[in-house]
file start-v8.cif (mmCIF, C-alpha atoms)
data_model
loop_
_atom_site.label_atom_id
_atom_site.label_comp_id
_atom_site.auth_asym_id
_atom_site.auth_seq_id
_atom_site.Cartn_x
_atom_site.Cartn_y
_atom_site.Cartn_z
CA MET A 1 255.71 222.05 54.99
CA ALA A 2 257.82 223.55 57.78
CA SER A 3 258.98 227.11 57.49
CA THR A 4 262.66 227.69 56.80
CA ALA A 5 263.07 229.01 60.36
CA ALA A 6 261.55 225.79 61.77
CA ALA A 7 263.73 223.69 59.48
CA LEU A 8 266.74 225.67 60.74
CA VAL A 9 265.89 224.73 64.35
CA THR A 10 265.78 221.05 63.40
CA ALA A 11 269.09 221.32 61.53
CA ILE A 12 270.73 223.09 64.49
CA LYS A 13 269.56 220.36 66.87
CA THR A 14 270.92 217.70 64.50
CA ALA A 15 274.30 219.46 64.24
CA LEU A 16 274.60 219.88 68.02
CA ALA A 17 273.58 216.26 68.68
CA ARG A 18 276.69 215.21 66.74
CA VAL A 19 278.93 216.65 69.47
CA ASN A 20 280.17 213.31 70.77
CA GLY A 21 283.27 213.99 72.87
CA ALA A 22 285.62 212.64 70.19
CA ALA A 23 288.05 215.02 68.49
CA PRO A 24 287.52 217.85 67.73
CA TYR A 25 284.88 217.98 70.50
CA ASN A 26 285.36 218.14 74.26
CA TYR A 27 281.91 217.12 75.49
CA ASP A 28 279.16 214.68 74.58
CA LEU A 29 275.71 216.00 73.61
CA THR A 30 274.50 212.77 71.98
CA ALA A 31 272.32 211.66 74.92
CA ALA A 32 268.57 212.03 74.55
CA SER A 33 267.48 215.57 75.42
CA ALA A 34 271.05 216.86 75.82
CA VAL A 35 270.10 219.52 73.25
CA ARG A 36 266.79 221.34 73.67
CA TYR A 37 265.01 224.09 71.80
CA GLY A 38 263.34 226.63 74.05
CA VAL A 39 264.14 228.74 77.07
CA PHE A 40 265.76 226.62 79.79
CA SER A 41 266.83 228.86 82.64
CA SER A 42 267.71 226.39 85.39
CA ALA A 43 270.60 223.97 85.56
CA PRO A 44 269.92 220.46 84.30
CA SER A 45 270.25 217.35 86.46
CA LYS A 46 273.72 216.88 87.95
CA SER A 47 273.71 213.40 86.40
CA ARG A 48 274.12 215.10 83.01
CA SER A 49 277.66 216.19 82.20
CA ALA A 50 276.77 218.69 79.45
CA PHE A 51 273.56 220.30 78.20
CA VAL A 52 272.69 222.97 75.60
CA ALA A 53 269.43 224.87 75.17
CA PHE A 54 268.73 227.46 72.47
CA PHE A 55 265.89 229.67 71.33
CA GLU A 56 265.14 232.13 68.55
CA ASP A 57 265.64 235.64 69.88
CA VAL A 58 264.93 237.67 66.74
CA LEU A 59 263.69 236.97 63.21
CA GLU A 60 264.02 239.93 60.90
CA ASN A 61 263.84 240.90 57.26
CA VAL A 62 267.07 241.44 55.36
CA THR A 63 266.84 243.71 52.34
CA GLU A 64 270.42 244.59 51.44
CA ALA A 65 271.70 243.05 48.20
CA ILE A 66 268.67 240.78 47.74
CA PRO A 67 267.52 240.25 44.12
CA LEU A 68 263.99 241.44 43.36
CA THR A 69 262.49 237.94 43.19
CA TYR A 70 263.82 236.98 46.65
CA PHE A 71 263.28 237.91 50.27
CA GLY A 72 265.89 237.71 52.98
CA ARG A 73 265.71 236.64 56.61
CA ARG A 74 268.07 236.75 59.55
CA ALA A 75 267.39 234.78 62.73
CA ARG A 76 269.39 235.23 65.91
CA TYR A 77 269.51 232.33 68.35
CA VAL A 78 270.70 232.39 71.94
CA PHE A 79 272.58 229.25 73.01
CA THR A 80 273.10 228.48 76.70
CA GLY A 81 275.35 225.61 77.72
CA TRP A 82 275.95 223.93 81.07
CA VAL A 83 278.88 221.66 81.93
CA HIS A 84 279.03 219.92 85.28
CA ALA A 85 282.52 220.78 86.54
CA ALA A 86 283.31 220.59 90.26
CA LYS A 87 286.94 221.70 90.06
CA SER A 88 288.39 225.16 90.59
CA SER A 89 286.81 228.39 89.41
CA GLU A 90 289.38 228.65 86.64
CA ALA A 91 288.76 225.06 85.54
CA ARG A 92 285.00 225.73 85.34
CA ALA A 93 285.54 228.85 83.25
CA ILE A 94 287.79 226.90 80.87
CA ALA A 95 285.22 224.07 80.71
CA ALA A 96 282.64 226.68 79.66
CA MET A 97 284.99 227.92 76.94
CA ASP A 98 285.42 224.35 75.70
CA LEU A 99 281.65 223.80 75.50
CA ARG A 100 281.27 227.12 73.69
CA ALA A 101 283.92 225.94 71.20
CA ASP A 102 282.03 222.64 70.73
CA ILE A 103 278.79 224.49 69.97
CA LEU A 104 280.47 226.77 67.44
CA GLU A 105 282.37 223.88 65.82
CA ALA A 106 279.14 221.88 65.41
CA LEU A 107 277.30 224.87 63.93
CA GLU A 108 280.17 225.70 61.56
CA ARG A 109 280.30 222.09 60.38
CA GLY A 110 276.54 222.17 59.88
CA VAL A 111 276.68 225.35 57.82
CA TYR A 112 279.98 225.14 55.97
CA GLY A 113 281.20 221.57 56.44
CA LYS A 114 284.86 220.84 56.98
CA PRO A 115 287.28 218.76 54.90
CA GLY A 116 286.33 215.10 55.27
CA ASP A 117 282.97 216.13 56.75
CA THR A 118 280.68 215.42 53.80
CA PRO A 119 277.91 213.68 55.78
CA VAL A 120 277.85 216.43 58.41
CA GLY A 121 278.41 219.53 56.32
CA GLY A 122 275.34 220.99 54.71
CA ASP A 123 272.72 220.06 57.33
CA ILE A 124 271.98 223.70 58.01
CA SER A 125 272.95 225.09 54.63
CA SER A 126 270.53 222.75 52.85
CA ILE A 127 267.39 224.16 54.51
CA SER A 128 266.98 226.76 51.78
CA SER A 129 267.66 226.66 48.08
CA GLN A 130 270.08 229.51 48.74
CA PRO A 131 273.23 229.54 50.90
CA VAL A 132 272.89 230.10 54.64
CA THR A 133 275.47 232.22 56.42
CA MET A 134 276.36 232.19 60.10
CA VAL A 135 277.83 234.92 62.30
CA GLU A 136 278.73 234.65 65.99
CA ASP A 137 277.33 237.82 67.54
CA GLY A 138 279.03 237.42 70.93
CA GLY A 139 279.23 235.20 73.92
CA VAL A 140 280.49 234.57 77.43
CA ALA A 141 281.99 231.64 79.34
CA ILE A 142 281.94 231.75 83.15
CA ASP A 143 282.22 229.79 86.36
CA GLY A 144 278.63 229.11 87.46
CA ASP A 145 279.56 229.71 91.09
CA THR A 146 279.78 233.44 90.27
CA VAL A 147 276.07 233.50 89.35
CA ASN A 148 274.74 231.13 92.03
CA VAL A 149 274.84 227.98 89.89
CA PRO A 150 277.45 226.07 91.92
CA GLY A 151 279.43 223.25 90.34
CA TRP A 152 278.56 224.23 86.79
CA ALA A 153 280.41 225.97 84.00
CA LEU A 154 278.13 228.17 81.88
CA CYS A 155 278.39 229.60 78.40
CA ARG A 156 276.11 231.75 76.33
CA ILE A 157 276.47 232.51 72.64
CA ASP A 158 274.37 234.60 70.28
CA VAL A 159 274.56 233.33 66.71
CA SER A 160 272.81 234.76 63.65
CA PHE A 161 271.90 232.84 60.52
CA ALA A 162 270.90 234.60 57.30
CA TRP A 163 269.33 233.20 54.15
CA ARG A 164 267.21 234.23 51.21
CA GLU A 165 264.33 232.54 49.52
CA ARG A 166 262.53 232.99 46.21
CA TYR A 167 259.05 234.50 46.47
CA GLY A 168 256.34 231.91 45.96
CA ALA A 169 258.76 228.95 46.16
#
call {"tool": "encode", "arguments": {"input": "start-v8.cif", "output": "C-alpha coordinates"}}
result
Amino acid sequence: MASTAAALVTAIKTALARVNGAAPYNYDLTAASAVRYGVFSSAPSKSRSAFVAFFEDVLENVTEAIPLTYFGRRARYVFTGWVHAAKSSEARAIAAMDLRADILEALERGVYGKPGDTPVGGDISSISSQPVTMVEDGGVAIDGDTVNVPGWALCRIDVSFAWRERYGA
(Lines of atoms letter the chains of each structure in order from A and count residues from 1; the text may use other names and numbers.)
(Lines give C-alpha, C1' and ligand atoms only; values in the text may rest on other atoms or scores of the structure.)
Protein backbone atom coordinates (compact mmCIF):
# COMPACT_ATOMS: atom_id res chain seq x y z
CA MET A 1 0.00 0.00 0.00
CA ALA A 2 1.33 3.45 -0.89
CA SER A 3 2.18 5.86 1.87
CA THR A 4 -0.12 8.81 2.38
CA ALA A 5 2.61 11.12 1.03
CA ALA A 6 2.85 9.02 -2.16
CA ALA A 7 -0.94 8.95 -2.49
CA LEU A 8 -0.91 12.74 -2.11
CA VAL A 9 1.49 13.06 -5.07
CA THR A 10 -0.85 10.96 -7.22
CA ALA A 11 -3.86 13.03 -6.14
CA ILE A 12 -2.02 16.29 -6.89
CA LYS A 13 -1.10 15.07 -10.38
CA THR A 14 -4.73 14.06 -10.98
CA ALA A 15 -6.02 17.46 -9.83
CA LEU A 16 -3.52 19.37 -11.99
CA ALA A 17 -4.25 17.20 -15.05
CA ARG A 18 -7.83 18.48 -14.90
CA VAL A 19 -6.65 22.00 -15.80
CA ASN A 20 -8.14 22.03 -19.29
CA GLY A 21 -8.24 25.65 -20.45
CA ALA A 22 -12.01 25.91 -19.97
CA ALA A 23 -13.39 28.26 -17.32
CA PRO A 24 -12.21 28.79 -14.63
CA TYR A 25 -8.80 27.79 -16.07
CA ASN A 26 -6.55 29.72 -18.43
CA TYR A 27 -4.23 26.96 -19.65
CA ASP A 28 -4.40 23.30 -20.63
CA LEU A 29 -2.40 20.73 -18.66
CA THR A 30 -4.31 17.68 -19.91
CA ALA A 31 -1.66 16.58 -22.44
CA ALA A 32 0.46 13.57 -21.55
CA SER A 33 3.37 14.60 -19.32
CA ALA A 34 2.18 18.21 -18.97
CA VAL A 35 2.35 17.62 -15.20
CA ARG A 36 5.42 15.92 -13.76
CA TYR A 37 6.57 14.97 -10.30
CA GLY A 38 10.24 15.62 -9.67
CA VAL A 39 12.77 18.38 -10.13
CA PHE A 40 12.58 19.81 -13.64
CA SER A 41 14.90 22.78 -13.91
CA SER A 42 15.00 23.47 -17.65
CA ALA A 43 12.25 24.80 -19.87
CA PRO A 44 10.13 22.20 -21.64
CA SER A 45 9.84 21.93 -25.42
CA LYS A 46 8.56 25.11 -27.09
CA SER A 47 5.87 22.95 -28.71
CA ARG A 48 4.24 22.71 -25.27
CA SER A 49 2.18 25.73 -24.28
CA ALA A 50 2.11 25.05 -20.52
CA PHE A 51 3.94 22.69 -18.17
CA VAL A 52 4.05 22.15 -14.38
CA ALA A 53 6.57 20.19 -12.34
CA PHE A 54 6.48 19.73 -8.57
CA PHE A 55 8.45 17.96 -5.87
CA GLU A 56 8.27 17.37 -2.14
CA ASP A 57 10.54 19.84 -0.40
CA VAL A 58 9.88 18.95 3.24
CA LEU A 59 7.96 16.26 5.12
CA GLU A 60 7.69 16.93 8.82
CA ASN A 61 5.88 15.79 11.93
CA VAL A 62 3.03 17.90 13.25
CA THR A 63 2.28 17.55 16.95
CA GLU A 64 0.04 20.47 17.83
CA ALA A 65 -3.57 19.55 18.64
CA ILE A 66 -3.20 15.93 17.52
CA PRO A 67 -5.16 13.35 19.59
CA LEU A 68 -3.02 10.73 21.33
CA THR A 69 -3.96 7.91 18.96
CA TYR A 70 -2.93 9.91 15.85
CA PHE A 71 0.19 11.29 14.27
CA GLY A 72 0.35 14.37 12.09
CA ARG A 73 2.31 15.16 8.94
CA ARG A 74 2.91 18.27 6.89
CA ALA A 75 4.43 18.08 3.41
CA ARG A 76 5.57 21.14 1.48
CA TYR A 77 5.69 20.91 -2.30
CA VAL A 78 7.37 23.29 -4.70
CA PHE A 79 5.45 23.83 -7.95
CA THR A 80 7.18 25.35 -10.98
CA GLY A 81 5.16 26.30 -14.03
CA TRP A 82 6.18 27.34 -17.53
CA VAL A 83 3.94 29.03 -20.10
CA HIS A 84 5.20 29.70 -23.60
CA ALA A 85 4.42 33.38 -24.12
CA ALA A 86 6.29 35.39 -26.75
CA LYS A 87 4.59 38.73 -26.14
CA SER A 88 5.76 41.65 -24.03
CA SER A 89 7.48 41.34 -20.66
CA GLU A 90 4.30 42.46 -18.93
CA ALA A 91 2.20 39.92 -20.87
CA ARG A 92 4.58 37.12 -19.86
CA ALA A 93 4.41 38.11 -16.20
CA ILE A 94 0.61 38.14 -16.36
CA ALA A 95 0.62 34.75 -18.12
CA ALA A 96 2.70 33.41 -15.21
CA MET A 97 0.16 34.80 -12.75
CA ASP A 98 -2.63 33.08 -14.68
CA LEU A 99 -0.84 29.71 -14.59
CA ARG A 100 -0.19 30.17 -10.87
CA ALA A 101 -3.92 30.82 -10.42
CA ASP A 102 -4.73 27.65 -12.41
CA ILE A 103 -2.45 25.56 -10.20
CA LEU A 104 -3.98 26.93 -7.01
CA GLU A 105 -7.53 26.55 -8.33
CA ALA A 106 -6.90 22.90 -9.24
CA LEU A 107 -5.34 22.17 -5.84
CA GLU A 108 -8.17 23.92 -3.97
CA ARG A 109 -10.76 21.96 -5.94
CA GLY A 110 -8.86 18.77 -5.18
CA VAL A 111 -8.75 19.49 -1.46
CA TYR A 112 -11.97 21.34 -0.75
CA GLY A 113 -14.11 20.93 -3.87
CA LYS A 114 -16.24 23.77 -5.14
CA PRO A 115 -20.01 23.99 -5.60
CA GLY A 116 -20.99 21.74 -8.51
CA ASP A 117 -17.57 20.06 -8.35
CA THR A 118 -18.51 16.76 -6.74
CA PRO A 119 -16.45 14.52 -9.06
CA VAL A 120 -13.37 16.71 -8.69
CA GLY A 121 -13.55 17.73 -5.05
CA GLY A 122 -12.11 15.26 -2.60
CA ASP A 123 -9.33 13.76 -4.74
CA ILE A 124 -6.68 15.04 -2.35
CA SER A 125 -8.79 15.12 0.80
CA SER A 126 -9.68 11.43 0.42
CA ILE A 127 -6.08 10.18 0.73
CA SER A 128 -6.37 9.93 4.50
CA SER A 129 -9.24 8.99 6.75
CA GLN A 130 -8.83 12.47 8.24
CA PRO A 131 -9.23 15.86 6.54
CA VAL A 132 -6.32 17.29 4.57
CA THR A 133 -5.64 21.01 4.76
CA MET A 134 -3.76 23.15 2.26
CA VAL A 135 -1.85 26.41 2.74
CA GLU A 136 -0.10 28.45 0.06
CA ASP A 137 3.27 29.34 1.58
CA GLY A 138 4.30 31.85 -1.08
CA GLY A 139 5.06 32.19 -4.72
CA VAL A 140 6.32 34.31 -7.59
CA ALA A 141 5.28 34.96 -11.20
CA ILE A 142 7.85 36.45 -13.58
CA ASP A 143 8.84 37.06 -17.17
CA GLY A 144 11.31 34.30 -18.04
CA ASP A 145 13.43 36.73 -20.03
CA THR A 146 14.57 38.24 -16.71
CA VAL A 147 16.16 34.92 -15.69
CA ASN A 148 17.53 33.83 -19.08
CA VAL A 149 14.56 31.69 -20.09
CA PRO A 150 13.44 33.74 -23.11
CA GLY A 151 9.89 33.47 -24.41
CA TRP A 152 8.55 31.82 -21.28
CA ALA A 153 6.49 32.99 -18.34
CA LEU A 154 7.50 31.29 -15.08
CA CYS A 155 5.77 30.79 -11.77
CA ARG A 156 6.78 29.09 -8.57
CA ILE A 157 4.53 28.28 -5.64
CA ASP A 158 5.22 26.59 -2.32
CA VAL A 159 2.16 24.78 -0.99
CA SER A 160 1.87 22.81 2.25
CA PHE A 161 -0.58 20.00 2.92
CA ALA A 162 -1.24 18.72 6.44
CA TRP A 163 -3.07 15.60 7.58
CA ARG A 164 -3.26 13.20 10.48
CA GLU A 165 -3.50 9.46 10.59
CA ARG A 166 -4.41 6.92 13.26
CA TYR A 167 -1.48 4.89 14.58
CA GLY A 168 -1.49 1.35 13.23
CA ALA A 169 -4.20 2.07 10.62
call {"tool": "closest_residue", "arguments": {"input": "start-v8.cif", "among": "A:Ala106, A:Val52, A:Val9, A:Val135", "to": "Gly81 in chain A", "atoms": "only C-alpha atoms"}}
result
A:Val52
call {"tool": "closest_residue", "arguments": {"input": "start-v8.cif", "among": "A:Val140, A:Arg164, A:Gly151, A:Ala93", "to": "Ala43 in chain A", "atoms": "only C-alpha atoms"}}
result
A:Gly151
call {"tool": "atom_distance", "arguments": {"input": "start-v8.cif", "atom1": "CA of Ala95 in chain A", "atom2": "CA of Val58 in chain A"}}
result
28.1 Å
call {"tool": "closest_residue", "arguments": {"input": "start-v8.cif", "among": "A:Glu64, A:Asp145, A:Asp137, A:Glu56", "to": "Ala6 in chain A", "atoms": "only C-alpha atoms"}}
result
A:Glu56
call {"tool": "atom_distance", "arguments": {"input": "start-v8.cif", "atom1": "CA of Ala23 in chain A", "atom2": "CA of Arg156 in chain A"}}
result
22.0 Å
call {"tool": "build_atoms", "arguments": {"input": "start-v8.cif", "residues": "range 40-69 of chain A", "atoms": "N, CA and C atoms", "output": "mmCIF file, in the coordinates of the input"}}
result
data_model
loop_
_atom_site.group_PDB
_atom_site.id
_atom_site.type_symbol
_atom_site.label_atom_id
_atom_site.label_comp_id
_atom_site.auth_asym_id
_atom_site.auth_seq_id
_atom_site.Cartn_x
_atom_site.Cartn_y
_atom_site.Cartn_z
ATOM 1 N N PHE A 40 265.474 227.567 78.709
ATOM 2 C CA PHE A 40 265.760 226.620 79.790
ATOM 3 C C PHE A 40 266.659 227.369 80.751
ATOM 4 N N SER A 41 266.084 227.933 81.796
ATOM 5 C CA SER A 41 266.830 228.860 82.640
ATOM 6 C C SER A 41 267.429 228.250 83.896
ATOM 7 N N SER A 42 267.117 226.990 84.198
ATOM 8 C CA SER A 42 267.710 226.390 85.390
ATOM 9 C C SER A 42 268.667 225.281 84.985
ATOM 10 N N ALA A 43 269.599 224.993 85.858
ATOM 11 C CA ALA A 43 270.600 223.970 85.560
ATOM 12 C C ALA A 43 269.949 222.608 85.392
ATOM 13 N N PRO A 44 270.451 221.803 84.479
ATOM 14 C CA PRO A 44 269.920 220.460 84.300
ATOM 15 C C PRO A 44 270.336 219.551 85.463
ATOM 16 N N SER A 45 269.892 218.324 85.430
ATOM 17 C CA SER A 45 270.250 217.350 86.460
ATOM 18 C C SER A 45 271.762 217.201 86.548
ATOM 19 N N LYS A 46 272.272 217.050 87.768
ATOM 20 C CA LYS A 46 273.720 216.880 87.950
ATOM 21 C C LYS A 46 274.205 215.557 87.371
ATOM 22 N N SER A 47 273.296 214.654 87.029
ATOM 23 C CA SER A 47 273.710 213.400 86.400
ATOM 24 C C SER A 47 274.116 213.625 84.939
ATOM 25 N N ARG A 48 273.757 214.756 84.388
ATOM 26 C CA ARG A 48 274.120 215.100 83.010
ATOM 27 C C ARG A 48 275.420 215.885 83.032
ATOM 28 N N SER A 49 276.370 215.490 82.194
ATOM 29 C CA SER A 49 277.660 216.190 82.200
ATOM 30 C C SER A 49 277.619 217.473 81.373
ATOM 31 N N ALA A 50 276.849 217.486 80.289
ATOM 32 C CA ALA A 50 276.770 218.690 79.450
ATOM 33 C C ALA A 50 275.354 218.789 78.870
ATOM 34 N N PHE A 51 274.912 220.028 78.665
ATOM 35 C CA PHE A 51 273.560 220.300 78.200
ATOM 36 C C PHE A 51 273.568 221.627 77.456
ATOM 37 N N VAL A 52 272.809 221.722 76.359
ATOM 38 C CA VAL A 52 272.690 222.970 75.600
ATOM 39 C C VAL A 52 271.221 223.222 75.291
ATOM 40 N N ALA A 53 270.768 224.433 75.552
ATOM 41 C CA ALA A 53 269.430 224.870 75.170
ATOM 42 C C ALA A 53 269.584 226.105 74.275
ATOM 43 N N PHE A 54 268.677 226.271 73.326
ATOM 44 C CA PHE A 54 268.730 227.460 72.470
ATOM 45 C C PHE A 54 267.320 227.872 72.101
ATOM 46 N N PHE A 55 267.180 229.152 71.766
ATOM 47 C CA PHE A 55 265.890 229.670 71.330
ATOM 48 C C PHE A 55 266.118 230.794 70.331
ATOM 49 N N GLU A 56 265.076 231.039 69.520
ATOM 50 C CA GLU A 56 265.140 232.130 68.550
ATOM 51 C C GLU A 56 264.848 233.432 69.288
ATOM 52 N N ASP A 57 265.773 234.343 69.211
ATOM 53 C CA ASP A 57 265.640 235.640 69.880
ATOM 54 C C ASP A 57 265.002 236.666 68.949
ATOM 55 N N VAL A 58 265.418 236.676 67.699
ATOM 56 C CA VAL A 58 264.930 237.670 66.740
ATOM 57 C C VAL A 58 264.851 237.023 65.359
ATOM 58 N N LEU A 59 263.790 237.299 64.631
ATOM 59 C CA LEU A 59 263.690 236.970 63.210
ATOM 60 C C LEU A 59 263.369 238.267 62.502
ATOM 61 N N GLU A 60 264.216 238.648 61.558
ATOM 62 C CA GLU A 60 264.020 239.930 60.900
ATOM 63 C C GLU A 60 264.214 239.828 59.399
ATOM 64 N N ASN A 61 263.659 240.805 58.698
ATOM 65 C CA ASN A 61 263.840 240.900 57.260
ATOM 66 C C ASN A 61 265.220 241.438 56.951
ATOM 67 N N VAL A 62 265.788 240.949 55.860
ATOM 68 C CA VAL A 62 267.070 241.440 55.360
ATOM 69 C C VAL A 62 266.802 241.933 53.943
ATOM 70 N N THR A 63 267.142 243.175 53.657
ATOM 71 C CA THR A 63 266.840 243.710 52.340
ATOM 72 C C THR A 63 268.079 244.088 51.541
ATOM 73 N N GLU A 64 269.235 244.175 52.185
ATOM 74 C CA GLU A 64 270.420 244.590 51.440
ATOM 75 C C GLU A 64 270.895 243.506 50.482
ATOM 76 N N ALA A 65 271.143 243.905 49.252
ATOM 77 C CA ALA A 65 271.700 243.050 48.200
ATOM 78 C C ALA A 65 270.869 241.785 47.947
ATOM 79 N N ILE A 66 269.552 241.903 48.023
ATOM 80 C CA ILE A 66 268.670 240.780 47.740
ATOM 81 C C ILE A 66 268.039 241.015 46.372
ATOM 82 N N PRO A 67 268.157 240.069 45.440
ATOM 83 C CA PRO A 67 267.520 240.250 44.120
ATOM 84 C C PRO A 67 266.015 240.451 44.268
ATOM 85 N N LEU A 68 265.400 241.075 43.289
ATOM 86 C CA LEU A 68 263.990 241.440 43.360
ATOM 87 C C LEU A 68 263.059 240.250 43.550
ATOM 88 N N THR A 69 263.389 239.087 43.083
ATOM 89 C CA THR A 69 262.490 237.940 43.190
ATOM 90 C C THR A 69 262.716 237.136 44.477
#
